[in-house]
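K.L.:
What follows is input_27.tsv, TSV, C-alpha atoms.
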chain	number	residue	atom	x	y	z
A	1	MET	CA	46.92	-33.93	17.41
A	2	GLU	CA	46.07	-30.88	19.48
A	3	LYS	CA	42.86	-31.27	21.41
A	4	MET	CA	40.25	-28.50	20.96
A	5	VAL	CA	39.17	-27.00	24.25
A	6	ASN	CA	35.59	-25.78	24.51
A	7	HIS	CA	35.02	-22.44	26.18
A	8	SER	CA	31.78	-20.72	27.10
A	9	ALA	CA	31.18	-17.01	26.89
A	10	THR	CA	28.25	-14.61	27.09
A	11	ARG	CA	27.65	-11.01	26.03
A	12	LYS	CA	24.78	-8.54	26.21
A	13	VAL	CA	24.19	-6.43	23.10
A	14	THR	CA	21.59	-3.87	22.08
A	15	VAL	CA	20.10	-3.63	18.59
A	16	LEU	CA	20.81	-0.07	17.41
A	17	ASN	CA	19.59	-0.28	13.80
A	18	PRO	CA	16.30	1.60	13.28
A	19	ALA	CA	14.78	-1.35	11.42
A	20	GLY	CA	15.91	-3.85	14.08
A	21	LEU	CA	17.64	-7.10	13.17
A	22	HIS	CA	16.46	-7.13	9.55
A	23	ALA	CA	17.72	-8.98	6.47
A	24	ARG	CA	21.28	-7.69	5.99
A	25	PRO	CA	22.29	-7.72	9.70
A	26	SER	CA	20.84	-11.23	10.03
A	27	LEU	CA	23.01	-12.43	7.14
A	28	THR	CA	26.10	-10.79	8.69
A	29	VAL	CA	25.43	-12.50	12.05
A	30	ALA	CA	24.80	-15.92	10.46
A	31	GLN	CA	27.95	-15.68	8.29
A	32	THR	CA	30.13	-14.62	11.26
A	33	VAL	CA	28.89	-17.54	13.35
A	34	ARG	CA	29.27	-20.04	10.49
A	35	ARG	CA	32.89	-18.96	10.01
A	36	SER	CA	33.63	-19.73	13.68
A	37	ASN	CA	33.95	-23.14	15.35
A	38	SER	CA	31.52	-22.28	18.13
A	39	LYS	CA	27.82	-22.74	18.63
A	40	VAL	CA	26.19	-19.38	19.30
A	41	GLU	CA	22.70	-18.76	20.62
A	42	ILE	CA	20.78	-15.49	20.71
A	43	ARG	CA	18.27	-15.12	23.51
A	44	THR	CA	15.42	-12.62	23.68
A	45	PRO	CA	12.88	-12.50	26.50
A	46	GLU	CA	10.57	-14.58	24.27
A	47	GLN	CA	12.80	-17.12	22.51
A	48	THR	CA	16.23	-18.55	21.90
A	49	VAL	CA	17.57	-19.13	18.39
A	50	ASP	CA	20.65	-20.64	16.75
A	51	ALA	CA	22.65	-17.66	15.47
A	52	ALA	CA	24.03	-19.67	12.52
A	53	ASP	CA	20.54	-20.24	11.12
A	54	ILE	CA	19.38	-17.28	9.04
A	55	LEU	CA	15.80	-18.63	8.95
A	56	GLN	CA	15.60	-18.45	12.74
A	57	LEU	CA	17.26	-15.02	12.83
A	58	LEU	CA	14.81	-13.59	10.30
A	59	SER	CA	11.86	-14.91	12.26
A	60	LEU	CA	13.13	-13.35	15.50
A	61	GLY	CA	11.43	-9.99	14.86
A	62	VAL	CA	13.83	-7.98	17.01
A	63	THR	CA	13.23	-4.21	17.01
A	64	GLN	CA	15.53	-1.28	17.72
A	65	GLY	CA	16.54	-0.99	21.37
A	66	THR	CA	16.02	-4.66	22.20
A	67	GLU	CA	18.67	-6.19	24.47
A	68	LEU	CA	19.91	-9.58	23.36
A	69	ASP	CA	21.86	-12.19	25.32
A	70	LEU	CA	24.51	-13.88	23.20
A	71	SER	CA	26.02	-17.12	24.44
A	72	ALA	CA	28.71	-19.17	22.72
A	73	THR	CA	30.28	-22.57	23.34
A	74	GLY	CA	33.37	-23.69	21.47
A	75	PRO	CA	37.11	-23.21	21.06
A	76	ASP	CA	36.73	-19.61	19.79
A	77	ALA	CA	33.68	-18.60	21.83
A	78	GLU	CA	35.24	-15.34	23.09
A	79	GLU	CA	36.44	-14.29	19.65
A	80	VAL	CA	33.14	-14.87	17.89
A	81	LEU	CA	31.19	-12.99	20.57
A	82	ASP	CA	33.68	-10.09	20.40
A	83	ALA	CA	33.16	-9.96	16.62
A	84	LEU	CA	29.37	-10.05	16.98
A	85	ALA	CA	29.35	-7.39	19.73
A	86	ALA	CA	31.47	-5.13	17.48
A	87	GLN	CA	29.04	-5.62	14.59
A	88	PHE	CA	26.01	-4.73	16.75
A	89	ALA	CA	27.83	-1.62	18.06
A	90	ASP	CA	28.81	-0.64	14.49
A	91	ARG	CA	25.16	-1.05	13.41
A	92	PHE	CA	26.44	-3.63	10.92
A	93	GLY	CA	28.20	-0.93	8.95
A	94	LEU	CA	24.92	0.34	7.53
A	95	PHE	CA	24.95	3.76	9.17
A	96	GLY	CA	28.58	4.78	8.79
A	97	GLY	CA	29.91	3.63	12.15
A	98	PRO	CA	29.05	3.34	15.83
A	99	VAL	CA	26.54	5.58	17.59
A	100	GLY	CA	27.87	8.52	19.56
B	1	MET	CA	8.99	13.18	9.65
B	2	LEU	CA	11.41	15.72	8.19
B	3	GLN	CA	15.20	15.47	8.40
B	4	ARG	CA	17.23	18.33	6.99
B	5	MET	CA	20.70	17.69	5.64
B	6	GLU	CA	23.31	19.73	3.82
B	7	LEU	CA	26.40	19.26	1.71
B	8	SER	CA	29.48	19.98	3.76
B	9	GLY	CA	33.07	18.98	3.00
B	10	GLY	CA	31.91	16.72	0.18
B	11	LYS	CA	29.58	14.78	2.50
B	12	VAL	CA	25.89	14.91	3.36
B	13	VAL	CA	25.57	15.85	7.02
B	14	PRO	CA	22.55	16.59	9.24
B	15	ASP	CA	21.65	20.25	9.56
B	16	GLY	CA	18.52	21.05	11.54
B	17	ASP	CA	17.64	24.48	10.10
B	18	ASN	CA	19.62	25.48	7.03
B	19	GLY	CA	20.12	22.27	5.07
B	20	ASN	CA	19.01	22.26	1.44
B	21	ILE	CA	18.38	18.49	1.36
B	22	TYR	CA	14.96	17.68	2.82
B	23	VAL	CA	14.25	14.05	3.66
B	24	TYR	CA	10.59	13.32	4.32
B	25	VAL	CA	10.04	9.87	5.82
B	26	ASN	CA	6.37	8.90	5.49
B	27	PRO	CA	5.17	12.52	5.43
B	28	ASP	CA	2.02	13.31	7.39
B	29	GLU	CA	-0.94	15.28	6.06
B	30	ALA	CA	0.51	18.70	7.00
B	31	GLU	CA	3.85	17.89	5.37
B	32	ARG	CA	2.12	16.69	2.19
B	33	LYS	CA	0.10	19.91	2.06
B	34	TYR	CA	3.33	21.89	2.40
B	35	LEU	CA	5.03	19.88	-0.36
B	36	VAL	CA	2.10	20.23	-2.76
B	37	GLY	CA	0.94	23.75	-1.81
B	38	THR	CA	4.19	25.60	-1.12
B	39	LEU	CA	6.85	23.66	-3.02
B	40	LYS	CA	4.47	22.91	-5.92
B	41	LEU	CA	5.16	19.17	-6.12
B	42	ASP	CA	2.66	17.35	-8.29
B	43	GLU	CA	0.19	15.56	-5.99
B	44	HIS	CA	0.13	12.42	-8.14
B	45	THR	CA	3.95	12.24	-8.33
B	46	LEU	CA	4.17	12.69	-4.57
B	47	ALA	CA	1.68	9.83	-4.09
B	48	SER	CA	3.77	7.73	-6.50
B	49	ALA	CA	6.83	8.22	-4.29
B	50	LEU	CA	4.96	6.50	-1.47
B	51	ASP	CA	3.24	3.82	-3.55
B	52	PRO	CA	5.20	0.52	-3.61
B	53	ASP	CA	3.52	-0.55	-6.88
B	54	GLU	CA	4.54	2.52	-8.87
B	55	LEU	CA	7.09	2.11	-11.66
B	56	ALA	CA	10.36	4.04	-11.73
B	57	ARG	CA	10.18	7.13	-13.91
B	58	LEU	CA	11.55	10.57	-14.64
B	59	GLU	CA	9.37	13.67	-15.03
B	60	PHE	CA	10.33	17.23	-15.85
B	61	GLU	CA	8.27	19.96	-14.17
B	62	PRO	CA	8.70	23.74	-14.79
B	63	ASP	CA	10.90	24.34	-11.72
B	64	HIS	CA	12.09	20.88	-10.76
B	65	THR	CA	12.75	17.32	-11.91
B	66	ALA	CA	10.92	14.40	-10.29
B	67	VAL	CA	12.56	10.98	-10.12
B	68	ILE	CA	10.71	7.92	-8.81
B	69	PHE	CA	12.87	4.83	-8.30
B	70	LYS	CA	12.62	1.45	-6.59
B	71	ARG	CA	14.59	0.02	-3.69
B	72	PRO	CA	14.19	-3.03	-1.45
B	73	ARG	CA	11.91	-2.66	1.55
B	74	ASN	CA	13.37	-3.40	4.98
B	75	TYR	CA	12.54	-7.00	5.82
B	76	SER	CA	10.47	-7.67	8.92
B	77	SER	CA	9.68	-11.02	10.53
B	78	ASP	CA	5.98	-10.59	9.55
B	79	ASP	CA	6.93	-10.72	5.86
B	80	MET	CA	7.33	-14.53	5.97
B	81	PHE	CA	10.23	-14.60	3.47
B	82	VAL	CA	8.56	-12.25	1.01
B	83	PHE	CA	11.07	-9.52	0.16
B	84	ARG	CA	9.25	-6.52	-1.28
B	85	VAL	CA	10.23	-3.27	-2.96
B	86	VAL	CA	9.25	0.31	-2.16
B	87	SER	CA	9.29	3.51	-4.18
B	88	VAL	CA	11.38	6.56	-3.36
B	89	GLY	CA	10.84	10.03	-4.79
B	90	LEU	CA	13.56	12.59	-5.52
B	91	PHE	CA	12.51	16.14	-6.38
B	92	LEU	CA	15.47	18.09	-7.65
B	93	PHE	CA	15.18	21.90	-7.63
B	94	ALA	CA	17.92	24.38	-8.54
B	95	ASP	CA	18.60	25.12	-4.87
B	96	ARG	CA	17.32	22.08	-2.99
B	97	LEU	CA	16.70	18.36	-3.15
B	98	ILE	CA	13.60	16.81	-1.61
B	99	VAL	CA	13.63	13.11	-0.86
B	100	VAL	CA	10.31	11.40	-0.08
B	101	LEU	CA	10.25	7.82	1.15
B	102	SER	CA	7.89	5.57	3.06
B	103	GLU	CA	10.31	4.07	5.60
B	104	ASP	CA	13.43	5.19	7.43
B	105	ILE	CA	16.45	3.75	5.65
B	106	PRO	CA	20.09	4.86	5.73
B	107	LEU	CA	20.25	6.99	2.57
B	108	PHE	CA	23.60	8.76	2.79
B	109	GLN	CA	25.95	6.05	4.04
B	110	GLY	CA	28.76	4.26	2.32
B	111	LYS	CA	31.92	5.28	0.57
B	112	GLN	CA	30.00	6.55	-2.48
B	113	PHE	CA	28.74	9.51	-0.39
B	114	THR	CA	32.13	11.22	-0.30
B	115	ARG	CA	33.49	13.98	-2.50
B	116	ILE	CA	30.03	15.17	-3.52
B	117	THR	CA	29.75	18.73	-4.74
B	118	THR	CA	26.30	19.13	-6.31
B	119	LEU	CA	22.71	18.18	-5.55
B	120	GLN	CA	22.60	16.26	-8.85
B	121	GLU	CA	25.41	14.05	-7.58
B	122	VAL	CA	23.55	13.46	-4.30
B	123	ALA	CA	20.47	12.36	-6.28
B	124	LEU	CA	22.53	10.02	-8.48
B	125	LYS	CA	24.29	8.47	-5.48
B	126	ILE	CA	20.97	7.86	-3.72
B	127	ILE	CA	19.80	5.94	-6.80
B	128	TYR	CA	23.15	4.11	-6.92
B	129	SER	CA	22.78	3.07	-3.25
B	130	SER	CA	19.51	1.33	-4.16
B	131	ILE	CA	21.46	-0.89	-6.60
B	132	SER	CA	23.84	-1.87	-3.77
B	133	HIS	CA	20.84	-2.45	-1.52
B	134	PHE	CA	19.32	-4.82	-4.10
B	135	VAL	CA	22.63	-6.70	-4.46
B	136	GLU	CA	22.92	-7.16	-0.68
B	137	HIS	CA	19.32	-8.35	-0.43
B	138	LEU	CA	19.98	-10.84	-3.25
B	139	ARG	CA	22.77	-12.32	-1.08
B	140	VAL	CA	20.25	-12.67	1.75
B	141	VAL	CA	17.75	-14.32	-0.61
B	142	SER	CA	20.46	-16.76	-1.72
B	143	ALA	CA	21.40	-17.59	1.90
B	144	VAL	CA	17.73	-18.09	2.84
B	145	SER	CA	17.23	-20.30	-0.22
B	146	ASP	CA	20.23	-22.48	0.81
B	147	ALA	CA	18.93	-22.76	4.37
B	148	LEU	CA	15.44	-23.72	3.14
B	149	GLU	CA	16.94	-26.40	0.85
B	150	GLU	CA	18.74	-27.95	3.84
B	151	GLN	CA	15.43	-28.09	5.71
B	152	ILE	CA	13.54	-29.51	2.72
B	153	ASN	CA	15.98	-32.43	2.38
B	154	SER	CA	14.68	-33.89	5.63
B	155	SER	CA	11.21	-32.40	5.68
B	156	MET	CA	7.75	-33.84	5.08
B	157	GLU	CA	5.92	-30.55	5.55
B	158	ASN	CA	4.81	-27.93	3.08
B	159	LYS	CA	5.94	-24.92	5.09
B	160	TYR	CA	9.51	-24.80	3.69
B	161	LEU	CA	8.18	-25.25	0.15
B	162	LEU	CA	5.76	-22.38	0.72
B	163	SER	CA	8.68	-20.27	1.95
B	164	LEU	CA	10.54	-21.09	-1.27
B	165	PHE	CA	7.49	-19.98	-3.27
B	166	SER	CA	7.61	-16.72	-1.29
B	167	LEU	CA	11.27	-16.29	-2.23
B	168	GLU	CA	10.40	-16.93	-5.87
B	169	LYS	CA	7.73	-14.25	-5.66
B	170	SER	CA	10.22	-11.87	-4.02
B	171	LEU	CA	12.62	-12.32	-6.92
B	172	VAL	CA	9.86	-11.39	-9.36
B	173	TYR	CA	9.30	-8.16	-7.40
B	174	TYR	CA	13.06	-7.53	-7.40
B	175	LEU	CA	13.41	-8.23	-11.12
B	176	ASN	CA	10.61	-5.79	-11.89
B	177	GLY	CA	12.11	-3.16	-9.58
B	178	ILE	CA	15.65	-3.52	-10.94
B	179	ASN	CA	14.41	-3.54	-14.53
B	180	SER	CA	12.33	-0.45	-13.88
B	181	ASN	CA	15.37	1.30	-12.31
B	182	GLY	CA	17.39	0.34	-15.40
B	183	LYS	CA	14.97	2.16	-17.68
B	184	LEU	CA	15.10	5.19	-15.37
B	185	ILE	CA	18.91	5.30	-15.36
B	186	GLU	CA	18.92	5.12	-19.19
B	187	ARG	CA	16.56	8.10	-19.25
B	188	LEU	CA	18.81	9.98	-16.82
B	189	LYS	CA	21.70	9.47	-19.22
B	190	ASN	CA	19.66	10.63	-22.18
B	191	SER	CA	18.55	13.72	-20.23
B	192	ALA	CA	22.06	14.59	-19.01
B	193	ALA	CA	22.03	18.04	-20.59
B	194	LYS	CA	18.60	18.90	-19.22
B	195	LEU	CA	19.72	17.75	-15.75
B	196	LYS	CA	22.98	19.74	-16.09
B	197	LEU	CA	25.09	16.67	-15.33
B	198	THR	CA	28.88	17.11	-15.41
B	199	THR	CA	31.15	14.81	-17.42
B	200	GLY	CA	32.05	13.00	-14.20
B	201	SER	CA	28.36	12.49	-13.38
B	202	ILE	CA	27.66	11.13	-16.87
B	203	GLU	CA	30.50	8.60	-16.40
B	204	PHE	CA	28.98	7.70	-13.04
B	205	VAL	CA	25.59	7.13	-14.74
B	206	ASP	CA	27.36	4.78	-17.21
B	207	ASP	CA	28.75	2.82	-14.23
B	208	MET	CA	25.26	2.70	-12.72
B	209	ILE	CA	23.86	1.23	-15.94
B	210	ILE	CA	26.48	-1.55	-15.86
B	211	GLU	CA	26.02	-2.31	-12.15
B	212	ASN	CA	22.24	-2.30	-12.45
B	213	GLN	CA	22.48	-4.71	-15.39
B	214	GLN	CA	24.74	-7.04	-13.37
B	215	CYS	CA	22.30	-6.83	-10.46
B	216	TYR	CA	19.42	-7.70	-12.82
B	217	GLU	CA	21.32	-10.69	-14.22
B	218	GLN	CA	22.13	-11.93	-10.71
B	219	ALA	CA	18.46	-11.69	-9.70
B	220	ALA	CA	17.42	-13.44	-12.94
B	221	THR	CA	19.92	-16.26	-12.27
B	222	TYR	CA	18.62	-16.79	-8.72
B	223	SER	CA	15.04	-16.65	-10.00
B	224	ASN	CA	15.75	-19.24	-12.74
B	225	ILE	CA	17.53	-21.57	-10.30
B	226	LEU	CA	14.66	-21.35	-7.82
B	227	ALA	CA	12.02	-21.90	-10.50
B	228	SER	CA	13.79	-24.79	-12.21
B	229	MET	CA	14.57	-26.64	-8.98
B	230	MET	CA	11.11	-26.20	-7.49
B	231	ASP	CA	9.72	-29.42	-9.02
B	232	ALA	CA	12.71	-31.38	-7.74
B	233	ARG	CA	12.17	-30.02	-4.24
B	234	VAL	CA	8.47	-30.87	-4.34
B	235	SER	CA	9.49	-34.43	-5.32
B	236	ILE	CA	11.97	-34.60	-2.41
B	237	VAL	CA	9.27	-33.68	0.10
B	238	SER	CA	6.89	-36.18	-1.53
B	239	ASN	CA	9.60	-38.86	-1.48
B	240	ASN	CA	10.34	-38.20	2.19
B	241	LEU	CA	6.65	-38.69	2.90
B	242	ASN	CA	6.62	-41.95	0.89
B	243	TRP	CA	9.51	-43.27	2.97
B	244	LEU	CA	7.59	-42.53	6.14
B	245	ILE	CA	4.49	-44.32	4.79
B	246	LYS	CA	6.63	-47.31	3.76
B	247	THR	CA	8.14	-47.59	7.25
B	248	LEU	CA	4.71	-47.40	8.84
B	249	THR	CA	3.44	-50.08	6.42
B	250	ILE	CA	6.29	-52.44	7.40
B	251	ILE	CA	5.46	-51.96	11.06
B	252	THR	CA	1.74	-52.53	10.38
B	253	ILE	CA	2.32	-55.78	8.43
B	254	ALA	CA	4.87	-57.01	10.97
B	255	ILE	CA	2.28	-56.64	13.70
B	256	MET	CA	-0.71	-57.79	11.61
B	257	LEU	CA	0.49	-61.31	10.71
B	258	PRO	CA	1.27	-62.53	14.26
B	259	THR	CA	-2.09	-61.07	15.28
B	260	LEU	CA	-3.76	-63.12	12.51
B	261	VAL	CA	-2.05	-66.34	13.65
B	262	VAL	CA	-2.96	-65.78	17.28
B	263	SER	CA	-6.54	-64.84	16.31
B	264	ILE	CA	-7.02	-68.08	14.32
B	265	PHE	CA	-5.91	-70.16	17.28
B	266	SER	CA	-8.11	-68.13	19.59
B	267	MET	CA	-11.36	-69.21	17.87
B	268	ASN	CA	-13.76	-70.86	20.22
B	269	VAL	CA	-13.77	-74.22	18.29
B	270	GLU	CA	-11.94	-77.52	18.61
B	271	PHE	CA	-8.67	-77.75	16.67
B	272	PRO	CA	-5.99	-80.50	16.56
B	273	GLY	CA	-3.35	-80.38	19.29
B	274	LYS	CA	-5.39	-78.04	21.43
B	275	ASN	CA	-4.48	-79.92	24.61
B	276	HIS	CA	-0.85	-80.54	23.69
B	277	PRO	CA	1.47	-79.31	26.52
B	278	TRP	CA	3.52	-77.23	24.00
B	279	ALA	CA	0.47	-75.78	22.19
B	280	PHE	CA	0.99	-72.25	23.54
B	281	TRP	CA	4.71	-72.12	22.58
B	282	LEU	CA	3.95	-73.63	19.18
B	283	ILE	CA	1.43	-70.86	18.41
B	284	ILE	CA	3.91	-68.20	19.59
B	285	ALA	CA	6.60	-69.75	17.37
B	286	ILE	CA	4.28	-69.72	14.32
B	287	ALA	CA	3.33	-66.09	15.06
B	288	LEU	CA	6.98	-64.97	15.33
B	289	SER	CA	7.93	-67.01	12.23
B	290	SER	CA	5.27	-65.15	10.23
B	291	THR	CA	7.06	-61.88	10.99
B	292	PHE	CA	10.35	-63.45	9.89
B	293	VAL	CA	8.72	-64.71	6.64
B	294	VAL	CA	7.42	-61.19	5.92
B	295	ARG	CA	10.93	-59.83	6.36
B	296	LEU	CA	12.37	-62.47	4.00
B	297	VAL	CA	9.75	-61.78	1.31
B	298	TRP	CA	10.36	-58.03	1.74
B	299	ARG	CA	14.10	-58.44	1.14
B	300	TRP	CA	13.60	-60.92	-1.72
B	301	LYS	CA	11.28	-58.47	-3.50
B	302	ARG	CA	13.63	-55.58	-2.64
B	303	TRP	CA	10.75	-53.38	-1.49
Can I see the file as structure tokens?
P.N.:
Amino acid sequence: MEKMVNHSATRKVTVLNPAGLHARPSLTVAQTVRRSNSKVEIRTPEQTVDAADILQLLSLGVTQGTELDLSATGPDAEEVLDALAAQFADRFGLFGGPVG
Amino acid sequence: MLQRMELSGGKVVPDGDNGNIYVYVNPDEAERKYLVGTLKLDEHTLASALDPDELARLEFEPDHTAVIFKRPRNYSSDDMFVFRVVSVGLFLFADRLIVVLSEDIPLFQGKQFTRITTLQEVALKIIYSSISHFVEHLRVVSAVSDALEEQINSSMENKYLLSLFSLEKSLVYYLNGINSNGKLIERLKNSAAKLKLTTGSIEFVDDMIIENQQCYEQAATYSNILASMMDARVSIVSNNLNWLIKTLTIITIAIMLPTLVVSIFSMNVEFPGKNHPWAFWLIIAIALSSTFVVRLVWRWKRW
């Protein structure tokens, strides 16, 4: 059986949505992380939350312009962070594509 | 705050000066005066567009049509799992459309905002986007409900139950909002001639009626599931607490009996075998045996 190798990766993203990380983006983040095999954490200056837990994401209270540190550990750490970074840049598809 | 947009190439695009679609986000006093004084919007209808408790409705004025409809409010972390609804006002004139809303939300995004040719179509698609918004928020409510259930299975606190009550309340708001929108869409269909809707627009209104009905049924299903399972979840939390109390009781009894044995032999009176060389070890053995006896009785009784 092939052994799973754990990787670590980090990314910095900025919340571009005017309403911050509200309900629909939080669900998108949690679903993306749950589909992966990695553990992802989101860090703000105040707290660190498990990105797979929608309850923690909704209680984060992140506003537009906030910089978040994403860190992942697992066999597909790079892939899941790439997917999340793309979603943040795309404003979770709610505003018709990336800014600028 | 005013944003001006216009119809260009079948899409709604920003246009700072010449756009005939005016979007007022939480209008200030001067903007309200302009809307009421210059554009002759009814003051009460304008207030309704900003009042979250107002019902959806359709009103015909001499030079425009006013539509008030409901859509989900953007969730913030201060809401504590209560998802609320807000009202949005559309004021459709022959040459312009005025949109009044209380918070900045993406109004003109999504594939439905393509190939638009008239202001009536823009108004219909804005109402349609609120149905999609409700459906997406219902998915969030479902995901939050699942996450809360996971927490409740191992919890002895009330906070997750209270969050579930908040979700239940949210679904009541959503059901009212969606139902109210349904009545409005029916009225739009009945007033198609007055609104000068094209055949294509009338077909679109028919689709909206179906989608809104599906959205309502989905919200009703989630609401029924939450309501019917609430008692079971309360019992789970209560049961978890009972297990904790039972464990603590076992520990208390297991400690209490050896203490009783040792206390009896500690009385300042003469008792047989007091000076026996093994007296200390005998008392310790009796004390430990008492714990073992408690365990045997516990298993025999299947407590």
K.L.:
My list of candidates is B:Glu217, B:Glu157, B:Glu31, B:Glu150. Which is closest to chain A when distances are computed with all atoms listed in the file?
P.N.:
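Counting all atoms listed in the file, the residue closest to chain A is B:Glu150.
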K.L.:
If the cut-off is 7 Å, can you tell me the residues of chain A near chain B, counting only C-alpha atoms? I'd like them as a ChimeraX atom specification.
P.N.:
/A:19,22-24,27,54-55,58-61,94-96
K.L.:
Skipping near chain neighbours, those fewer than 4 positions away, what residues fall within 7 Å of B:Leu226 using all atoms listed in the file, listed as number ranges by chain?
P.N.:
B: 168, 222, 230
K.L.:
Find the spatial neighbours of A:Ser36, counting all atoms listed in the file, within a cut-off of 9 Å - ignore same-chain residues fewer than 4 positions away - and output them as a list of chain:residue names.
P.N.:
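Using all atoms listed in the file, the neighbours found are A:Gln31, A:Thr32, A:Gly74, A:Pro75, A:Asp76, A:Ala77, A:Glu79, A:Val80.
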K.L.:
Residues at most 10 Å from B:Asp63, counting all atoms listed in the file, excluding those fewer than 3 positions away in the same chain, as JSON, numbers by chain?
P.N.:
{"B": [39, 40, 41, 60, 91, 92, 93, 94]}
K.L.:
Separation of atom CA of A:Ala85 and atom CA of A:Val13, in Å?
P.N.:
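Taking atom CA of A:Ala85 as the start and atom CA of A:Val13 as the end point, the length is 6.2 Å.
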K.L.:
What lies within 12 Å of B:Tyr24 using only C-alpha atoms, ignoring chain neighbours under 6 positions off, as a list in words?
P.N.:
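Final neighbour list, sorted by chain and number: Met1, Leu2, Gln3, Arg4, Met5, Ala30, Glu31, Arg32, Tyr34, Leu35, Leu46, Ala49, Leu50, Val88, Gly89, Leu90, Phe91, Leu97, Ile98, Val99, Val100, Leu101, Ser102, Glu103, Asp104, Ile105 and Leu107 of chain B.
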